[in-house]
Amino acid sequence: MSQPTLSNKPQAAVSQQKNELQKQSKPQRAENQQLSERFQHIQFLDCDKPVGHIVFECWHCQQGIISEFTGEPEMGEYKDRPSVVPVKVECPNCGQTAIRLTTGEVLSTTAIPSPWQQ
Ligand SMILES: [Zn+2]
């Protein structure tokens with residue numbers, strides 16, 4: 001009996017199984033419908049550098065803020081679809097989410113006089 005020579009089979013790609021976090025999302029009532037009609041000042045700086053800067057105003061209290069950010073945004077799921085996970089930046093003044101950035105990591109958040117309120 002002769003054994004056929006098998007060529008190397010390509011290894012099957014390892015499939016990663018993510019644990020799906022099942023969060024019970026409470027039905028959110030409109031927190032503040034006026035928010036969607038407001039305009040937020042944002043200015044990106046140094047986007048082409050490893051560490052970028054963004055100057056913006058807090059969504060809630062209009063505090064001027066400068067943040068350093070770096071990295072690629074993390075991919076997650078939103079309503080069963082692949083979607084980037086925004087990083088929430090906390091306002092140093094009012095403590096609420098000043099802005100959501102689609103970036104990897106926010107390195108620093110510093111309150112500054114808003115350049116738009118002069
Ligand atoms: Zn604020």
# chains A, B, ... in the order shown; residues from 1 in each chain; ligands from 1
>>> residues_near_ligand(ligand="ligand 1", cutoff="9 Å", atoms="only C-alpha atoms and all ligand atoms", output="CSV table (one decimal) with C-alpha atoms, in the first residue's frame")
chain,number,residue,atom,x,y,z
A,57,GLU,CA,-15.9,73.8,24.0
A,58,CYS,CA,-17.7,71.6,26.6
A,59,TRP,CA,-21.1,70.5,25.2
A,60,HIS,CA,-22.7,71.4,28.5
A,61,CYS,CA,-21.0,74.5,30.0
A,62,GLN,CA,-19.0,75.9,27.0
A,63,GLN,CA,-15.8,75.6,29.0
A,64,GLY,CA,-12.8,75.8,26.6
A,65,ILE,CA,-10.8,72.6,26.6
A,90,GLU,CA,-14.9,64.5,30.8
A,91,CYS,CA,-15.2,68.2,31.3
A,92,PRO,CA,-12.8,69.5,34.0
A,93,ASN,CA,-15.3,72.2,34.8
A,94,CYS,CA,-18.7,70.6,35.1
A,95,GLY,CA,-17.7,66.9,35.1
A,96,GLN,CA,-20.0,65.9,32.3
A,97,THR,CA,-19.1,64.4,29.0
A,98,ALA,CA,-17.8,67.4,27.2
>>> select_by_dssp(residues="range 29-115 of chain A", states="strand (DSSP E)", output="PyMOL selection string")
chain A and resi 42-45+51-57+64-70+74-78+81-85+87-90+97-101+105-112
>>> atom_distance(atom1="CA of Pro86 in chain A", atom2="CA of Pro73 in chain A")
7.2 Å
>>> residues_around(residues="range 40-51 of chain A", least_positions_apart="5", cutoff="6 Å", atoms="only C-alpha atoms", output="ChimeraX atom specification")
/A:56-57,69-70
>>> residues_around(residues="Val106 in chain A", least_positions_apart="5", cutoff="10 Å", atoms="only C-alpha atoms", output="list in words")
Val51, Gly52, His53, Ser67, Glu68, Phe69, Thr70, Gly71, Val87, Lys88, Val89 and Leu101 of chain A
>>> write_last_selection(atoms="C-alpha atoms", output="PDB file, in the first residue's frame")
ATOM      1  CA  VAL A  51      -0.269  62.850  19.163  1.00  0.00           C
ATOM      2  CA  GLY A  52      -2.955  65.193  17.974  1.00  0.00           C
ATOM      3  CA  HIS A  53      -4.621  68.048  19.747  1.00  0.00           C
ATOM      4  CA  SER A  67      -7.026  67.604  24.770  1.00  0.00           C
ATOM      5  CA  GLU A  68      -4.215  65.439  23.505  1.00  0.00           C
ATOM      6  CA  PHE A  69      -5.250  62.253  21.760  1.00  0.00           C
ATOM      7  CA  THR A  70      -3.482  59.375  20.077  1.00  0.00           C
ATOM      8  CA  GLY A  71      -4.075  55.978  18.561  1.00  0.00           C
ATOM      9  CA  VAL A  87     -13.926  58.049  23.788  1.00  0.00           C
ATOM     10  CA  LYS A  88     -15.750  60.238  26.233  1.00  0.00           C
ATOM     11  CA  VAL A  89     -13.860  63.292  27.399  1.00  0.00           C
ATOM     12  CA  LEU A 101     -13.900  61.578  20.151  1.00  0.00           C
TER      13      LEU A 101
END
>>> atom_distance(atom1="CA of Leu107 in chain A", atom2="CA of Glu74 in chain A")
15.3 Å
